[in-house]
Amino acid sequence: MPMRNLGLAFVAVLLLALPAAAAAAADMTALLVVLPYGVFVLFLGGFVYRVVRWAKAPVPFRIPTTCGQEKSLPWIHNNPVENPAGPLGAIGRMAGEVFLFRSLFRNSQTEIVDGRPVYGSAKWLWFFGLMFHVSLLIAALRHLRFFTEPVVPLATGLSALDGFLEIGVPALYISDVTLLAGLVFLFLRRVVLPQVRYISLFSDYFALLLIATIAATGLLMRHFFPVDLNAVKTLAMGWVSFAPSAPADASILFYLHLCFVFVLIAWLPWSKLSHMAGIFLSPTRNQINNSRSRRHVNPWNAPVKVHTYAEYEDEFRDKMKAAGLPVEKE
Amino acid sequence: MKNNKWGLILLGLAIFVIGVTFPFWYGKEKTAPPALSLETPEIAGSADKKCVEDKAFMRANHMKLLNAWRDEAVREGKRIYTAKDGRTFEKSLTGSCIRCHSNKEQFCDRCHNYVGAKPSCFDCHIVPAEVKK
């Protein structure tokens with residue numbers, strides 16, 4: 001069954017190549033004028049919708065999963081980041097999570113050695129995961145050179161730094177190599193490890209294959225089948241200045257790249273890839289662990305009719321005294 | 001805490017929206033591709049006005065051609081390039097390319113600046129304007 005998901009993902013990516021091929025062959029380039037705005041609206045609107053929905057979900061109690069000593073008595077050494085007692089600690093904890101993938105760094109692996117379980121550190125997923133994400137961010141930011149005029153220094157600076165090895169012309173970007181390496185690891189992890197393969201869904205494979213195809217078409221365009229960058233930039237600048245014009249002719253690779261990018265961007269907020277927003281809204285990570293120093297009352301608790309002991313004694317005091325039972329108030 | 005939460009949500013969404021719409025509000029000087037100038041004395045004086053290879057090939061592959069020229073001329077000592085149509089050229093940026101295209105700012109730089117390419121040619125070679133002086 002899990003391998004069927006992989007097969008389906010392959011088929012889906014191949015099918016997505018068809019509209020791109022059709023657009024290139026049948027000169028449906030007019031689509032390039034309208035489609036990007038639809039994709040962008042889906043992307044922006046989708047994220048706003050999902051974040052607002054997540055934010056609306058009631059979180060009445062403190063449910064952070066902590067990994068350090070809670071703040072309590074002054075002489076007990078506490079861990080302010082792993083078990084935050086205030087907003088600063090929570091911000092630090094989230095920064096570690098967002099920028100350094102702290103949770104993955106904590107990953108461990110169990111092995112049976114001489115009939116006993118032995119726990120060891122397992123950092124591979126953390127390493128390749130972080131490498132993949134950073135590479136993807138750099139690759140996305142480098143594309144700003146097509147969307148800004150004059151080109152923002154961030155894009156030129158990143159490109160210079162990224163290509164400083166000067167391997168080939170145009171220079172090979174280090175982030176492209178690390179992006180592919182990360183993708184290969186994440187893909188093999190799903191295919192090779194039986195337990196990960198078992199839980200891998202269509203969308204898991206699809207996301208990886210989609211990004212891999214985008215990277216592959218991009219690299220082919222950069223290094224093997226050059227496209228007219230002036231036309232590409234004119235197209236991109238047309239989009240951002242709301243005066244789009246379809247390019248006279250562009251290679252099939254460019255259409256494939258665009259098609260997959262549009263699918264990725266439009267699908268992103270509605271898929272598991274929305275973790276790029278969701279990570280900020282993870283209650284087990286972003287909460288301050290103050291459930292013992294502050295009282296949190298469930299706001300939608302139904303009013304419960306209680307009968308306190310004081311009221312009970314008021315009601316039955318005479319009978320209790322008559323029966324010789326001790327009472328608190330005479 | 002509840003009001004605080006919506007403040008943070010709005011702040012986060014605002015940062016996100018402003019960030020991803022950056023190209024839309026960032027200053028746009030020009031959106032049309034640059035026009036290249038071929039108006040140099042050398043080109044005006046030449047009879048056939050033909051580059052080393054045809055225009056389409058040069059537009060797409062000039063960087064690869066130059067890179068191959070550098071390796072072959074400097075490392076292997078092969079200094080003569082035979083074009084597809086049989087004409088021969090010296091593999092030299094200064095002696096062949098810049099002899100005609102002596103207007104770096106109106107020729108090389110226009111496209112390179114537009115697409116954000118930073119070739120390293122003139123890290124070593126002198127800029128043509130400095131030759132004239």
# chains A, B, ... in the order shown; residues from 1 in each chain; ligands from 1
>>> interface_residues(of="chain B", to="chain A", cutoff="10 Å", atoms="only C-alpha atoms", output="MDAnalysis selection string")
chainID B and resid 2 5:6 8:10 12:14 16:17 20:34 56 59:68 111:120
>>> write_last_selection(atoms="N, CA and C atoms", output="short mmCIF file (atom, residue, chain, number, x, y, z; two decimals), in the first residue's frame")
data_model
loop_
_atom_site.label_atom_id
_atom_site.label_comp_id
_atom_site.auth_asym_id
_atom_site.auth_seq_id
_atom_site.Cartn_x
_atom_site.Cartn_y
_atom_site.Cartn_z
N LYS B 2 -6.17 36.68 25.66
CA LYS B 2 -6.92 36.46 24.43
C LYS B 2 -6.66 37.59 23.42
N LYS B 5 -3.27 37.43 22.00
CA LYS B 5 -3.12 36.41 20.97
C LYS B 5 -3.44 36.97 19.59
N TRP B 6 -4.55 37.69 19.47
CA TRP B 6 -4.93 38.21 18.15
C TRP B 6 -3.96 39.28 17.68
N LEU B 8 -0.73 39.19 18.22
CA LEU B 8 0.40 38.43 17.68
C LEU B 8 0.06 37.81 16.33
N ILE B 9 -1.16 37.28 16.21
CA ILE B 9 -1.57 36.67 14.93
C ILE B 9 -1.53 37.72 13.82
N LEU B 10 -2.10 38.90 14.12
CA LEU B 10 -2.11 39.97 13.11
C LEU B 10 -0.70 40.40 12.76
N GLY B 12 2.04 38.61 12.91
CA GLY B 12 2.66 37.56 12.10
C GLY B 12 2.15 37.59 10.68
N LEU B 13 0.83 37.72 10.53
CA LEU B 13 0.25 37.74 9.18
C LEU B 13 0.72 38.97 8.41
N ALA B 14 0.84 40.11 9.13
CA ALA B 14 1.28 41.33 8.46
C ALA B 14 2.71 41.15 7.95
N PHE B 16 4.17 38.39 7.17
CA PHE B 16 4.13 37.44 6.07
C PHE B 16 3.65 38.10 4.77
N VAL B 17 2.54 38.84 4.87
CA VAL B 17 1.96 39.44 3.65
C VAL B 17 2.91 40.49 3.09
N VAL B 20 5.95 38.57 1.41
CA VAL B 20 5.79 37.88 0.13
C VAL B 20 5.31 38.81 -0.98
N THR B 21 4.76 39.99 -0.62
CA THR B 21 4.38 40.92 -1.68
C THR B 21 5.50 41.92 -1.97
N PHE B 22 6.67 41.68 -1.39
CA PHE B 22 7.80 42.61 -1.55
C PHE B 22 8.00 43.09 -2.99
N PRO B 23 8.05 42.18 -4.00
CA PRO B 23 8.30 42.68 -5.36
C PRO B 23 7.22 43.62 -5.86
N PHE B 24 6.01 43.54 -5.29
CA PHE B 24 4.93 44.39 -5.78
C PHE B 24 5.09 45.83 -5.33
N TRP B 25 5.64 46.03 -4.15
CA TRP B 25 5.77 47.42 -3.69
C TRP B 25 7.20 47.94 -3.75
N TYR B 26 8.15 47.09 -4.06
CA TYR B 26 9.53 47.55 -4.21
C TYR B 26 9.64 48.38 -5.49
N GLY B 27 10.47 49.40 -5.46
CA GLY B 27 10.60 50.32 -6.59
C GLY B 27 10.95 49.60 -7.88
N LYS B 28 10.25 49.97 -8.95
CA LYS B 28 10.52 49.33 -10.25
C LYS B 28 10.99 50.39 -11.22
N GLU B 29 12.26 50.35 -11.56
CA GLU B 29 12.78 51.39 -12.44
C GLU B 29 12.32 51.18 -13.87
N LYS B 30 12.56 49.99 -14.37
CA LYS B 30 12.08 49.73 -15.73
C LYS B 30 11.74 48.25 -15.84
N THR B 31 10.77 47.96 -16.67
CA THR B 31 10.33 46.58 -16.78
C THR B 31 10.66 46.00 -18.15
N ALA B 32 11.04 46.86 -19.11
CA ALA B 32 11.36 46.36 -20.45
C ALA B 32 12.81 45.88 -20.47
N PRO B 33 13.10 44.87 -21.28
CA PRO B 33 14.48 44.40 -21.36
C PRO B 33 15.36 45.46 -21.97
N PRO B 34 16.63 45.49 -21.59
CA PRO B 34 17.52 46.54 -22.09
C PRO B 34 17.84 46.35 -23.57
N ALA B 56 21.98 34.23 -32.13
CA ALA B 56 21.24 33.40 -31.18
C ALA B 56 22.20 32.56 -30.33
N ARG B 59 24.04 34.87 -27.85
CA ARG B 59 23.18 35.30 -26.73
C ARG B 59 23.08 34.22 -25.67
N ALA B 60 22.89 32.98 -26.12
CA ALA B 60 22.66 31.90 -25.18
C ALA B 60 23.95 31.35 -24.59
N ASN B 61 25.03 31.36 -25.38
CA ASN B 61 26.21 30.59 -24.98
C ASN B 61 27.51 31.37 -24.86
N HIS B 62 27.43 32.72 -24.91
CA HIS B 62 28.70 33.46 -24.91
C HIS B 62 29.53 33.16 -23.67
N MET B 63 28.84 32.94 -22.53
CA MET B 63 29.60 32.73 -21.30
C MET B 63 30.34 31.40 -21.33
N LYS B 64 29.70 30.40 -21.96
CA LYS B 64 30.34 29.10 -22.05
C LYS B 64 31.50 29.15 -23.06
N LEU B 65 31.27 29.89 -24.15
CA LEU B 65 32.33 30.04 -25.15
C LEU B 65 33.55 30.71 -24.52
N LEU B 66 33.30 31.80 -23.77
CA LEU B 66 34.41 32.52 -23.16
C LEU B 66 35.13 31.66 -22.14
N ASN B 67 34.36 30.88 -21.41
CA ASN B 67 34.97 30.01 -20.40
C ASN B 67 35.85 28.95 -21.07
N ALA B 68 35.33 28.40 -22.18
CA ALA B 68 36.12 27.39 -22.92
C ALA B 68 37.37 28.04 -23.51
N CYS B 111 22.57 43.89 -20.02
CA CYS B 111 21.87 42.64 -19.71
C CYS B 111 22.30 42.09 -18.36
N HIS B 112 23.61 42.10 -18.11
CA HIS B 112 24.11 41.53 -16.85
C HIS B 112 23.48 42.21 -15.64
N ASN B 113 23.36 43.53 -15.71
CA ASN B 113 22.72 44.24 -14.60
C ASN B 113 21.24 43.91 -14.52
N TYR B 114 20.61 43.79 -15.68
CA TYR B 114 19.16 43.55 -15.70
C TYR B 114 18.82 42.21 -15.07
N VAL B 115 19.59 41.16 -15.38
CA VAL B 115 19.27 39.84 -14.83
C VAL B 115 20.12 39.50 -13.61
N GLY B 116 20.91 40.47 -13.15
CA GLY B 116 21.66 40.23 -11.92
C GLY B 116 22.80 39.24 -12.08
N ALA B 117 23.39 39.18 -13.26
CA ALA B 117 24.55 38.30 -13.46
C ALA B 117 25.82 39.08 -13.17
N LYS B 118 26.74 38.44 -12.50
CA LYS B 118 27.99 39.11 -12.14
C LYS B 118 29.17 38.32 -12.68
N PRO B 119 29.46 38.47 -13.99
CA PRO B 119 30.59 37.72 -14.54
C PRO B 119 31.91 38.24 -13.97
N SER B 120 32.89 37.35 -13.92
CA SER B 120 34.15 37.72 -13.28
C SER B 120 35.22 38.12 -14.30
#
>>> residues_around(residues="stretch 262-274 of chain A", least_positions_apart="4", cutoff="12 Å", atoms="only C-alpha atoms", output="ChimeraX atom specification")
/A:12-13,15-17,19-20,31-32,34-51,54,133,140,201-214,255-258,278-281 /B:20
>>> write_last_selection(atoms="C-alpha atoms", output="compact mmCIF listing (two decimals), in the first residue's frame")
# COMPACT_ATOMS: atom_id res chain seq x y z
CA ALA A 12 0.68 13.00 -10.51
CA VAL A 13 3.93 14.84 -11.23
CA LEU A 15 0.45 14.40 -15.37
CA LEU A 16 1.24 17.92 -14.21
CA ALA A 17 3.86 18.14 -16.94
CA PRO A 19 -0.45 21.24 -19.23
CA ALA A 20 3.02 22.78 -19.40
CA LEU A 31 -2.40 31.78 -19.50
CA LEU A 32 0.84 33.24 -18.20
CA VAL A 34 -3.81 35.57 -15.75
CA LEU A 35 -2.78 32.37 -14.00
CA PRO A 36 -0.03 33.79 -11.76
CA TYR A 37 -2.46 36.15 -10.03
CA GLY A 38 -4.86 33.32 -9.30
CA VAL A 39 -2.01 31.27 -7.89
CA PHE A 40 -0.81 34.17 -5.75
CA VAL A 41 -4.30 34.85 -4.40
CA LEU A 42 -4.67 31.16 -3.50
CA PHE A 43 -1.31 31.31 -1.74
CA LEU A 44 -1.91 34.50 0.26
CA GLY A 45 -5.60 33.89 0.94
CA GLY A 46 -4.94 30.27 1.84
CA PHE A 47 -2.38 31.16 4.47
CA VAL A 48 -4.48 33.93 5.99
CA TYR A 49 -7.50 31.60 6.08
CA ARG A 50 -5.58 28.76 7.69
CA VAL A 51 -3.80 30.93 10.25
CA TRP A 54 -5.85 27.87 13.70
CA HIS A 133 15.05 24.04 4.25
CA ALA A 140 13.69 31.25 -3.40
CA LEU A 201 1.21 9.21 2.27
CA PHE A 202 0.66 10.38 -1.27
CA SER A 203 1.14 14.01 -0.23
CA ASP A 204 4.49 13.20 1.41
CA TYR A 205 5.94 11.82 -1.81
CA PHE A 206 4.17 14.39 -3.96
CA ALA A 207 5.70 17.34 -2.08
CA LEU A 208 9.20 15.89 -2.40
CA LEU A 209 8.83 14.97 -6.06
CA LEU A 210 7.31 18.34 -6.91
CA ILE A 211 10.17 20.27 -5.33
CA ALA A 212 12.70 17.88 -6.89
CA THR A 213 11.20 18.48 -10.33
CA ILE A 214 11.31 22.24 -9.82
CA TYR A 255 7.07 26.20 -18.95
CA LEU A 256 7.62 23.02 -16.95
CA HIS A 257 9.43 24.95 -14.24
CA LEU A 258 6.68 27.57 -14.08
CA GLY A 278 1.85 26.13 11.47
CA ILE A 279 5.15 25.89 13.31
CA PHE A 280 4.48 29.32 14.80
CA LEU A 281 1.08 28.16 16.05
CA VAL B 20 5.79 37.88 0.13
>>> closest_residue(among="B:Thr82, B:Thr94, B:Glu72, B:His101", to="B:Lys49", atoms="only C-alpha atoms")
B:His101
>>> select_by_dssp(residues="stretch 8-93 of chain B", states="strand (DSSP E or B)", output="JSON list (two decimals) with C-alpha atoms, in the first residue's frame")
[["chain", "number", "residue", "atom", "x", "y", "z"],
["B", 28, "LYS", "CA", 10.52, 49.33, -10.25],
["B", 80, "ILE", "CA", 42.97, 30.00, -32.43],
["B", 81, "TYR", "CA", 39.21, 29.41, -32.58],
["B", 82, "THR", "CA", 37.58, 28.19, -35.78],
["B", 88, "THR", "CA", 39.18, 31.98, -37.43],
["B", 89, "PHE", "CA", 39.58, 34.18, -34.38],
["B", 90, "GLU", "CA", 42.17, 34.66, -31.70]]
>>> decode(residues="stretch 21-41 of chain B", atoms="N, CA and C atoms", output="PDB file, in the first residue's frame")
ATOM      1  N   THR B  21       4.763  39.987  -0.619  1.00  0.00           N
ATOM      2  CA  THR B  21       4.376  40.922  -1.680  1.00  0.00           C
ATOM      3  C   THR B  21       5.497  41.922  -1.967  1.00  0.00           C
ATOM      4  N   PHE B  22       6.665  41.676  -1.394  1.00  0.00           N
ATOM      5  CA  PHE B  22       7.795  42.605  -1.552  1.00  0.00           C
ATOM      6  C   PHE B  22       7.996  43.090  -2.988  1.00  0.00           C
ATOM      7  N   PRO B  23       8.050  42.183  -3.997  1.00  0.00           N
ATOM      8  CA  PRO B  23       8.297  42.676  -5.361  1.00  0.00           C
ATOM      9  C   PRO B  23       7.215  43.625  -5.864  1.00  0.00           C
ATOM     10  N   PHE B  24       6.007  43.540  -5.295  1.00  0.00           N
ATOM     11  CA  PHE B  24       4.927  44.388  -5.779  1.00  0.00           C
ATOM     12  C   PHE B  24       5.091  45.834  -5.334  1.00  0.00           C
ATOM     13  N   TRP B  25       5.644  46.035  -4.146  1.00  0.00           N
ATOM     14  CA  TRP B  25       5.767  47.422  -3.686  1.00  0.00           C
ATOM     15  C   TRP B  25       7.199  47.944  -3.749  1.00  0.00           C
ATOM     16  N   TYR B  26       8.149  47.091  -4.063  1.00  0.00           N
ATOM     17  CA  TYR B  26       9.528  47.551  -4.209  1.00  0.00           C
ATOM     18  C   TYR B  26       9.641  48.378  -5.488  1.00  0.00           C
ATOM     19  N   GLY B  27      10.466  49.403  -5.458  1.00  0.00           N
ATOM     20  CA  GLY B  27      10.603  50.325  -6.590  1.00  0.00           C
ATOM     21  C   GLY B  27      10.951  49.602  -7.878  1.00  0.00           C
ATOM     22  N   LYS B  28      10.251  49.968  -8.954  1.00  0.00           N
ATOM     23  CA  LYS B  28      10.515  49.329 -10.249  1.00  0.00           C
ATOM     24  C   LYS B  28      10.992  50.393 -11.225  1.00  0.00           C
ATOM     25  N   GLU B  29      12.260  50.350 -11.561  1.00  0.00           N
ATOM     26  CA  GLU B  29      12.780  51.390 -12.441  1.00  0.00           C
ATOM     27  C   GLU B  29      12.321  51.185 -13.871  1.00  0.00           C
ATOM     28  N   LYS B  30      12.556  49.993 -14.375  1.00  0.00           N
ATOM     29  CA  LYS B  30      12.084  49.727 -15.730  1.00  0.00           C
ATOM     30  C   LYS B  30      11.739  48.250 -15.842  1.00  0.00           C
ATOM     31  N   THR B  31      10.767  47.956 -16.673  1.00  0.00           N
ATOM     32  CA  THR B  31      10.333  46.576 -16.784  1.00  0.00           C
ATOM     33  C   THR B  31      10.660  45.996 -18.148  1.00  0.00           C
ATOM     34  N   ALA B  32      11.041  46.862 -19.111  1.00  0.00           N
ATOM     35  CA  ALA B  32      11.365  46.359 -20.447  1.00  0.00           C
ATOM     36  C   ALA B  32      12.809  45.881 -20.466  1.00  0.00           C
ATOM     37  N   PRO B  33      13.097  44.867 -21.281  1.00  0.00           N
ATOM     38  CA  PRO B  33      14.479  44.396 -21.356  1.00  0.00           C
ATOM     39  C   PRO B  33      15.363  45.463 -21.973  1.00  0.00           C
ATOM     40  N   PRO B  34      16.627  45.487 -21.594  1.00  0.00           N
ATOM     41  CA  PRO B  34      17.520  46.544 -22.093  1.00  0.00           C
ATOM     42  C   PRO B  34      17.843  46.352 -23.565  1.00  0.00           C
ATOM     43  N   ALA B  35      18.060  47.466 -24.240  1.00  0.00           N
ATOM     44  CA  ALA B  35      18.498  47.410 -25.636  1.00  0.00           C
ATOM     45  C   ALA B  35      20.022  47.479 -25.658  1.00  0.00           C
ATOM     46  N   LEU B  36      20.634  46.634 -26.483  1.00  0.00           N
ATOM     47  CA  LEU B  36      22.089  46.615 -26.544  1.00  0.00           C
ATOM     48  C   LEU B  36      22.576  47.525 -27.650  1.00  0.00           C
ATOM     49  N   SER B  37      23.640  48.243 -27.352  1.00  0.00           N
ATOM     50  CA  SER B  37      24.181  49.159 -28.354  1.00  0.00           C
ATOM     51  C   SER B  37      25.323  48.483 -29.116  1.00  0.00           C
ATOM     52  N   LEU B  38      25.243  48.542 -30.442  1.00  0.00           N
ATOM     53  CA  LEU B  38      26.326  48.010 -31.272  1.00  0.00           C
ATOM     54  C   LEU B  38      27.087  49.149 -31.927  1.00  0.00           C
ATOM     55  N   GLU B  39      26.865  50.349 -31.411  1.00  0.00           N
ATOM     56  CA  GLU B  39      27.452  51.519 -32.057  1.00  0.00           C
ATOM     57  C   GLU B  39      28.855  51.794 -31.531  1.00  0.00           C
ATOM     58  N   THR B  40      29.800  51.045 -32.042  1.00  0.00           N
ATOM     59  CA  THR B  40      31.201  51.330 -31.742  1.00  0.00           C
ATOM     60  C   THR B  40      31.910  51.549 -33.073  1.00  0.00           C
ATOM     61  N   PRO B  41      32.992  52.299 -33.069  1.00  0.00           N
ATOM     62  CA  PRO B  41      33.704  52.595 -34.328  1.00  0.00           C
ATOM     63  C   PRO B  41      34.104  51.313 -35.065  1.00  0.00           C
TER      64      PRO B  41
END
